[in-house]
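S.K.: Before I ask anything, let me first share the structure, which is written out below as structure tokens.
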Amino acid sequence: MALLFGGLLPALSQNRAYQTLQEDWHFYLGEATGAEDPDFDDSDWEAVRVPHDWAIGQPFEVDGDGSTGKLPWKGQGWYRRSLDIPAAGSDKSYYLIFDGVMAFPKVYVNGELAGTWDYGYNSFYLDITDLVNPGGSNVLAVHADTREHDSRWYPGAGIYRKVQLLTTDPIHVDVWGDYVITPIVKPHYADVRVRSTINNHSNLETDVQVIHEVVSPDGIVITRDTIERTIGAGQQQKMENTLVVPNPLRWDVEHPHLYTMRTRVVANNRERDRTNTKFGVRTIRFTPDDGFWLNDRRVQLKGVNLHHDHGPLGAAFYPRAMERQLEIMKSLGVNSVRNSHNTAAPEFLALCDSMGLLVFNEVFDKYDGKAGITDDTDFEDFTHRNIRNFVVRDRNHPSIFLWSVGNEIGDVQWNINNGFYRLHTMLNYVNKYDPTRPVTLVNDNVDAPNLRHFDLYDVHAFNYGRRYRLARQMEPNKSVVISESASTLSTRGFYELPLPEKPTNFTDALQVSSYDLLAPWWAEVADDDFMWQQEEPYIAGEFVWTGFDYLGEPTPYGNRSVNTMGMTDEDASRSSYFGIVDLVGIPKDRYYLYKSYWKPEETTVHILPHWNWPERTGENVPVFVYTNGDCAELFLNGESLGMKCKQPKSDSSIFRFRLMWTDITYEPGELTAVAYKAGQQIGKQTMVTAGEPTQLRLSPDRTKLDASGMDLSYVLIEAFDAEGNPAPLADHEVQIEVEGAGVLAGAGNGNPQSFDPFQNDTVNLFYGKAMLIIHAGQEAGPINVRVSADGLGSDSVRLVVGY
């Protein structure tokens with residue numbers, strides 16, 4: 001077949017062009033009367049680039065609302081820039097595609113209102129063909145207004161995702177207009193069905209030929225088919241083909257093979273448009289008693305929830321920031337992600353496709369102001385528009401295995417205020433635009449299933465505490481997913497003694513001990529979810545709350561909680577403690593607990609806490625070891641402190657998955673754990689009492705960057721003693737210098753109590769570590785990064801930006 005069709009995958013048709021509107025924006029925070037007017041003078045406005053989050057670089061409101069990050073995201077702002085529409089493009093069609101604007105954007109082109117949107121997380125597009133002046137001046141103005149948006153976490157503000165100008169021939173594939181499914185998949189062939197929505201925006205009825213070609217992962221055309229239709233002037237038609245792919249390569253979490261559907265639109269013997277759509281050949285199914293199956297193989301979902309912010313970058317979306325998050329999650333054994341609780345950036349889905357990560361794709365949190373629903377909203381219209389864009393944009397991604405229409409919506413679960421009707425409306429529109437995948441509602445109430453809301457959707461999805469029990473009893477023919485698990489809380493590097501007697505024994509330290517024994521009243525420690533899945537094999541898997549710490553929701557130190565403790569709003573934290581890794585991506589101890597269980601094929605031996613306790617010499621310091629082994633022996637200064645083994649039959653989950661020495665008398669020196677599996681030594685770790693910190697060390701995750709204006713390098717700062725041992729208590733202020741072909745995009749240290757600006761030339765070490773985010777520009781050249789601190793000297797690293 002390759003010889004018959006031949007040819008490598010070419011670029012898009014010359015008639016289809018995407019311009020990412022990244023540079024040359026002017027921004028004003030506040031009301032600017034008349035800013036939509038093309039002649040408005042914006043010369044004194046701030047020059048910004050998109051993506052742009054107007055709140056993340058501003059000072060923290062220390063006495064503000066910790067639940068939304070203590071940042072000034074409420075307000076309004078204006079963005080303006082020119083559009084280059086050449087005179088030769090007078091016969092073209094033009095669209096603006098917005099991946100996300102927070103919130104309630106109004107878009108003006110040359111002073112005319114091109115369109116509006118509501119839900120700040122969803123993508124939308126506007127046809128601006130009739131509003132532009134080819135060859136003349138063209139001005140785009142966007143007003144964003146977050147004052148009516150509601151949120152339970154930091155939402156960001158402004159044009160925080162990319163904007164594109166799409167230019168096409170008048171006869172073209174609609175935006176997101178190719179829909180590819182694989183209804184029949186067998187070892188020796190797969191049927192690939194494609195339906196393309198073709199627009200004829202010309203003034204003439206036209207005979208249109210659509211050629212569909214399947215391109216292999218290697219870029220070779222392996223099959224094609226053609227369909228012809230007559231499309232009236234100003235009309236639209238859907239044109240469908242079914243193509244056969246022999247011996248298909250499956251998309252899987254281990255081998256994420258991706259094909260491309262090339263759609264070519266021909267009229268009057270001339271190619272008018274060409275699109276390339278990635279897709280995968282795979283099968284998915286849920287079973288009531290044996291969980292989730294991918295390509296006829298049982299796959300236990302080892303998932304995490306991820307919020308949309310990227311720490312010091314705020315809501316501004318950079319594909320590399322997202323890719324790094326997913327790389328870190330995969331490194332501990334994650335195979336699936338829930339985008340909680342909103343439509344994700346489109347690049348997130350593309351990354352999951354290419355990296356082999358399954359996606360639990362969720363559109364909303366609640367059906368209220370958090371979704372952009374106001375008192376004046378027509379719910380039916382709102383649902384149709386938003387579900388259509390959500391599903392039609394994302395439905396070709398093979399990574400998506402489950403749609404979710406909402407999270408923990410009390411009135412929906414209890415059928416208050418037409419709750420079931422609203423739920424049914426959401427579900428119907430999902431099924432209208434993609435009937436090939438199951439749909440669910442994420443629940444948190446254990447008793448509400450008495451009303452049988454689960455009859456409306458396909459999979460039981462419940463958060464925490466085995467709350468799926470009643471739903472499973474009442475409807476055992478549906479699979480169960482733990483959509484949020486654990487919510488274990490911890491601060492990287494912080495340990496508090498004595499060990500808590502109960503999971504909710506939080507102190508007034510404003511940090512949470514990293515012995516991983518603490519969780520809110522409504523949740524549990526990580527080990528509990530491991531145990532429940534061992535005991536109940538029908539559970540398809542879990543999604544940990546959360547993979548990363550995020551801005552906002554600082555349980556247990558939100559405003560109300562610290563007030564109850566006798567403190568003030570100023571004491572409330574500004575970011576969460578839930579993450580397996582901290583806000584800047586530095587692993588917490590819990591990272592190694594999950595890795596030891598989720599990735600048993602890799603050796604893990606991790607000791608906690610650190611071994612710098614001068615104030616506790618001669619006193620008890622418990623030691624935990626996380627390992628994929630069965631047992632470990634602990635040594636202190638060469639003396640054995642005994643062998644501990646996991647207890648797989650224990651009714652207490654922590655004894656199944658951890659090794660714990662709770663009666664160790666502290667003395668400085670060398671602590672070593674030697675791990676064994678099936679009686680054979682598999683590895684060891686040694687922890688040394690560090691001396692005074694004397695040096696800094698920089699470790700970039702990448703030294704070669706692209707000159708795209710969107711690439712990033714994350715540079716870890718660590719403190720060490722004179723012998724090269726990590727200094728776990730170092731808290732020095734570090735000076736930052738960045739010169740050359742990049743800038744400092746942000747700096748942080750994972751401390752939920754820090755109110756230092758993210759965009760600053762200093763950062764404090766937090767338990768010996770901090771992180772810099774370096775943003776490469778659009779010109780080639782070196783970036784020189786240097787850090788220094790009193791008593792620690794300096795270190796530097798050179799990054800290279802190239803084309």
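By convention in this document, the chains of the structure tokens carry letters A, B, ... by their order, each chain's residues are numbered from 1, and ligands are numbered from 1 in the order they are shown.
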Within 9 Å of Ala632 (chain A), counting only C-alpha atoms, which residues show up once you throw out same-chain ones fewer than 2 positions away? Write them as a list in words, please.
M.R.: Val605, Val625, Thr627, Gly629, Asp630, Leu634, Gly642, Met643, Lys644, Cys645, Leu659, Ala673, Val674, Ala675, Tyr676, Lys677, Gln681 and Lys684 of chain A
S.K.: Please dump the current selection as a PDB file, in the first residue's frame; keep C-alpha atoms.
M.R.:
ATOM      1  CA  VAL A 605      14.475   3.092  48.168  1.00  0.00           C
ATOM      2  CA  VAL A 625      11.215   3.861  54.096  1.00  0.00           C
ATOM      3  CA  THR A 627      10.420   0.956  48.595  1.00  0.00           C
ATOM      4  CA  GLY A 629      10.904  -4.144  47.932  1.00  0.00           C
ATOM      5  CA  ASP A 630       9.202  -6.422  50.453  1.00  0.00           C
ATOM      6  CA  LEU A 634      17.910   0.110  58.606  1.00  0.00           C
ATOM      7  CA  GLY A 642      16.391  -4.126  62.537  1.00  0.00           C
ATOM      8  CA  MET A 643      14.594  -5.489  59.522  1.00  0.00           C
ATOM      9  CA  LYS A 644      11.015  -4.453  58.723  1.00  0.00           C
ATOM     10  CA  CYS A 645       8.716  -6.135  56.176  1.00  0.00           C
ATOM     11  CA  LEU A 659       8.237   0.299  56.352  1.00  0.00           C
ATOM     12  CA  ALA A 673      18.284   1.548  54.288  1.00  0.00           C
ATOM     13  CA  VAL A 674      18.969  -1.689  52.405  1.00  0.00           C
ATOM     14  CA  ALA A 675      15.924  -3.023  50.538  1.00  0.00           C
ATOM     15  CA  TYR A 676      15.112  -6.618  49.608  1.00  0.00           C
ATOM     16  CA  LYS A 677      12.611  -8.283  47.301  1.00  0.00           C
ATOM     17  CA  GLN A 681      18.940  -7.142  47.823  1.00  0.00           C
ATOM     18  CA  LYS A 684      19.927   0.978  49.201  1.00  0.00           C
TER      19      LYS A 684
END
S.K.: Nearest to Ala321 (chain A): which of A:Asp711, A:Glu615, A:Glu718, A:Asp582 is it, counting only C-alpha atoms?
M.R.: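 Selected residue with least distance to Ala321 (chain A): A:Asp711.
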S.K.: Can you write out as JSON lines which residues of region 20-54 of chain A fall within 12 Å of region 141-155 of chain A, alongside each residue's closest atom pair and its distance in Å to one decimal, counting only C-alpha atoms and ordering rows by chain and ascending residue number?
M.R.:
{"residue": "A:Trp25", "atom": "CA", "partner": "A:Ala141", "partner_atom": "CA", "distance": 9.5}
{"residue": "A:His26", "atom": "CA", "partner": "A:Ala141", "partner_atom": "CA", "distance": 9.4}
{"residue": "A:Phe27", "atom": "CA", "partner": "A:Val142", "partner_atom": "CA", "distance": 9.6}
{"residue": "A:Tyr28", "atom": "CA", "partner": "A:His143", "partner_atom": "CA", "distance": 9.7}
{"residue": "A:Leu29", "atom": "CA", "partner": "A:Ala144", "partner_atom": "CA", "distance": 9.7}
{"residue": "A:Gly30", "atom": "CA", "partner": "A:Asp145", "partner_atom": "CA", "distance": 9.2}
{"residue": "A:Glu31", "atom": "CA", "partner": "A:His143", "partner_atom": "CA", "distance": 9.1}
{"residue": "A:Ala32", "atom": "CA", "partner": "A:His143", "partner_atom": "CA", "distance": 9.4}
{"residue": "A:Thr33", "atom": "CA", "partner": "A:His143", "partner_atom": "CA", "distance": 10.8}
{"residue": "A:Gly34", "atom": "CA", "partner": "A:Ala141", "partner_atom": "CA", "distance": 10.4}
{"residue": "A:Ala35", "atom": "CA", "partner": "A:Ala141", "partner_atom": "CA", "distance": 7.2}
{"residue": "A:Glu36", "atom": "CA", "partner": "A:Ala141", "partner_atom": "CA", "distance": 5.5}
{"residue": "A:Asp37", "atom": "CA", "partner": "A:Ala141", "partner_atom": "CA", "distance": 8.2}
{"residue": "A:Pro38", "atom": "CA", "partner": "A:Ala141", "partner_atom": "CA", "distance": 8.3}
{"residue": "A:Asp39", "atom": "CA", "partner": "A:Ala141", "partner_atom": "CA", "distance": 11.3}
{"residue": "A:Phe40", "atom": "CA", "partner": "A:Ala141", "partner_atom": "CA", "distance": 10.2}
{"residue": "A:Asp42", "atom": "CA", "partner": "A:Ala141", "partner_atom": "CA", "distance": 10.8}
{"residue": "A:His52", "atom": "CA", "partner": "A:Ala144", "partner_atom": "CA", "distance": 11.7}
{"residue": "A:Asp53", "atom": "CA", "partner": "A:Pro155", "partner_atom": "CA", "distance": 9.5}
{"residue": "A:Trp54", "atom": "CA", "partner": "A:Ala144", "partner_atom": "CA", "distance": 10.5}
S.K.: Among region 448-507 of chain A, which ones does DSSP place in strand (DSSP E or B), written as a PyMOL selection string?
M.R.: chain A and resi 460-463+480-486
S.K.: How far is it from CA of Asp434 (chain A) to CA of Asn396 (chain A), in Å with one decimal?
M.R.: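 Taking CA of Asp434 (chain A) as the start and CA of Asn396 (chain A) as the end point, the length is 9.6 Å.
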S.K.: Please tabulate, as a Markdown table, the residues of region 252-332 of chain A that come within 9 Å of region 753-777 of chain A, each with its closest pair of atoms and the distance in Å to one decimal, counting only C-alpha atoms and ordering rows by chain, then residue number upward.
M.R.:
| residue | atom | partner | partner_atom | distance |
| --- | --- | --- | --- | --- |
| A:Gly311 | CA | A:Phe758 | CA | 8.6 |
| A:Pro312 | CA | A:Phe758 | CA | 5.2 |
| A:Leu313 | CA | A:Phe758 | CA | 7.9 |
S.K.: Determine, counting only C-alpha atoms, which protein, DNA and RNA residues have an atom within 12 Å of an atom of Gly333 (chain A); residues of the same chain fewer than 3 positions away are not included. Present the result as a PyMOL selection string.
M.R.: chain A and resi 253-254+300-304+326-330+336-337+356-357+547+591-602+604
S.K.: Need to verify the contact set: Leu165 (chain A), 7 Å, only C-alpha atoms, exclusion of same-chain residues closer than 6 positions in sequence. Can you return it as a PyMOL selection string?
M.R.: chain A and resi 18-20+94-97
S.K.: Let me see the file: selected residues, N, CA, C and O atoms, as a CSV table (one decimal), in the first residue's frame.
M.R.:
chain,number,residue,atom,x,y,z
A,18,TYR,N,-2.2,29.4,9.7
A,18,TYR,CA,-2.4,29.8,11.1
A,18,TYR,C,-1.3,30.8,11.5
A,18,TYR,O,-0.1,30.5,11.3
A,19,GLN,N,-1.7,31.9,12.0
A,19,GLN,CA,-0.8,32.8,12.6
A,19,GLN,C,-1.1,32.9,14.1
A,19,GLN,O,-2.2,33.3,14.5
A,20,THR,N,-0.1,32.6,14.9
A,20,THR,CA,-0.3,32.7,16.3
A,20,THR,C,0.0,34.1,16.8
A,20,THR,O,1.1,34.6,16.5
A,94,TYR,N,-11.6,34.3,7.2
A,94,TYR,CA,-10.7,34.6,8.3
A,94,TYR,C,-11.5,34.2,9.6
A,94,TYR,O,-12.7,34.6,9.8
A,95,TYR,N,-10.8,33.5,10.5
A,95,TYR,CA,-11.3,33.2,11.8
A,95,TYR,C,-10.3,33.6,12.9
A,95,TYR,O,-9.1,33.5,12.7
A,96,LEU,N,-10.8,33.9,14.0
A,96,LEU,CA,-10.0,34.1,15.2
A,96,LEU,C,-10.4,32.9,16.1
A,96,LEU,O,-11.5,32.6,16.4
A,97,ILE,N,-9.3,32.2,16.6
A,97,ILE,CA,-9.5,31.0,17.5
A,97,ILE,C,-8.9,31.4,18.8
A,97,ILE,O,-7.6,31.6,18.9
S.K.: Counting only C-alpha atoms, which residue out of A:Val391, A:Met102, A:Ala486, A:Leu698 sits closest to Phe530 (chain A)?
M.R.: A:Ala486
S.K.: Record the distance separating CA of Asp527 (chain A) and CA of Pro503 (chain A), expressed in Å with one decimal.
M.R.: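 Atom-to-atom, CA of Asp527 (chain A) and CA of Pro503 (chain A) are spaced 12.4 Å apart.
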S.K.: Give the answer as one residue: which of A:Asp309, A:Ile181, A:Asp378, A:Val244 has the shortest atom-to-atom distance to Gly156 (chain A), using only C-alpha atoms?
M.R.: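 Nearest candidate to Gly156 (chain A) out of A:Asp309, A:Ile181, A:Asp378, A:Val244: A:Asp309.
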S.K.: How many Å lie between CA of Val446 (chain A) and CA of Ser485 (chain A), rounded to one decimal?
M.R.: 14.7 Å
S.K.: Near Gly724 (chain A), counting only C-alpha atoms, which residues have an atom at most 10 Å away, once you skip same-chain residues fewer than 6 positions from it, shown as a PDB file with N, CA, C and O atoms, in the first residue's frame?
M.R.:
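As written to disk, around_5.pdb reads:
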ATOM      1  N   ALA A 690      23.969  16.650  57.329  1.00  0.00           N
ATOM      2  CA  ALA A 690      24.723  17.670  56.596  1.00  0.00           C
ATOM      3  C   ALA A 690      25.327  18.677  57.559  1.00  0.00           C
ATOM      4  O   ALA A 690      24.776  18.981  58.627  1.00  0.00           O
ATOM      5  N   GLY A 691      26.478  19.201  57.139  1.00  0.00           N
ATOM      6  CA  GLY A 691      27.065  20.319  57.852  1.00  0.00           C
ATOM      7  C   GLY A 691      26.432  21.631  57.420  1.00  0.00           C
ATOM      8  O   GLY A 691      25.413  21.655  56.727  1.00  0.00           O
ATOM      9  N   PRO A 693      25.507  24.714  55.306  1.00  0.00           N
ATOM     10  CA  PRO A 693      25.513  24.888  53.843  1.00  0.00           C
ATOM     11  C   PRO A 693      26.597  25.870  53.428  1.00  0.00           C
ATOM     12  O   PRO A 693      26.771  26.929  54.052  1.00  0.00           O
ATOM     13  N   THR A 694      27.312  25.529  52.345  1.00  0.00           N
ATOM     14  CA  THR A 694      28.411  26.371  51.879  1.00  0.00           C
ATOM     15  C   THR A 694      28.376  26.646  50.383  1.00  0.00           C
ATOM     16  O   THR A 694      29.160  27.464  49.898  1.00  0.00           O
ATOM     17  N   GLN A 695      27.494  25.967  49.650  1.00  0.00           N
ATOM     18  CA  GLN A 695      27.554  26.114  48.193  1.00  0.00           C
ATOM     19  C   GLN A 695      26.176  25.937  47.566  1.00  0.00           C
ATOM     20  O   GLN A 695      25.300  25.262  48.125  1.00  0.00           O
ATOM     21  N   LEU A 696      26.030  26.557  46.402  1.00  0.00           N
ATOM     22  CA  LEU A 696      24.832  26.425  45.589  1.00  0.00           C
ATOM     23  C   LEU A 696      25.138  25.592  44.354  1.00  0.00           C
ATOM     24  O   LEU A 696      26.268  25.563  43.868  1.00  0.00           O
ATOM     25  N   ARG A 697      24.102  24.929  43.839  1.00  0.00           N
ATOM     26  CA  ARG A 697      24.252  24.175  42.616  1.00  0.00           C
ATOM     27  C   ARG A 697      23.011  24.360  41.753  1.00  0.00           C
ATOM     28  O   ARG A 697      21.880  24.258  42.245  1.00  0.00           O
TER      29      ARG A 697
END
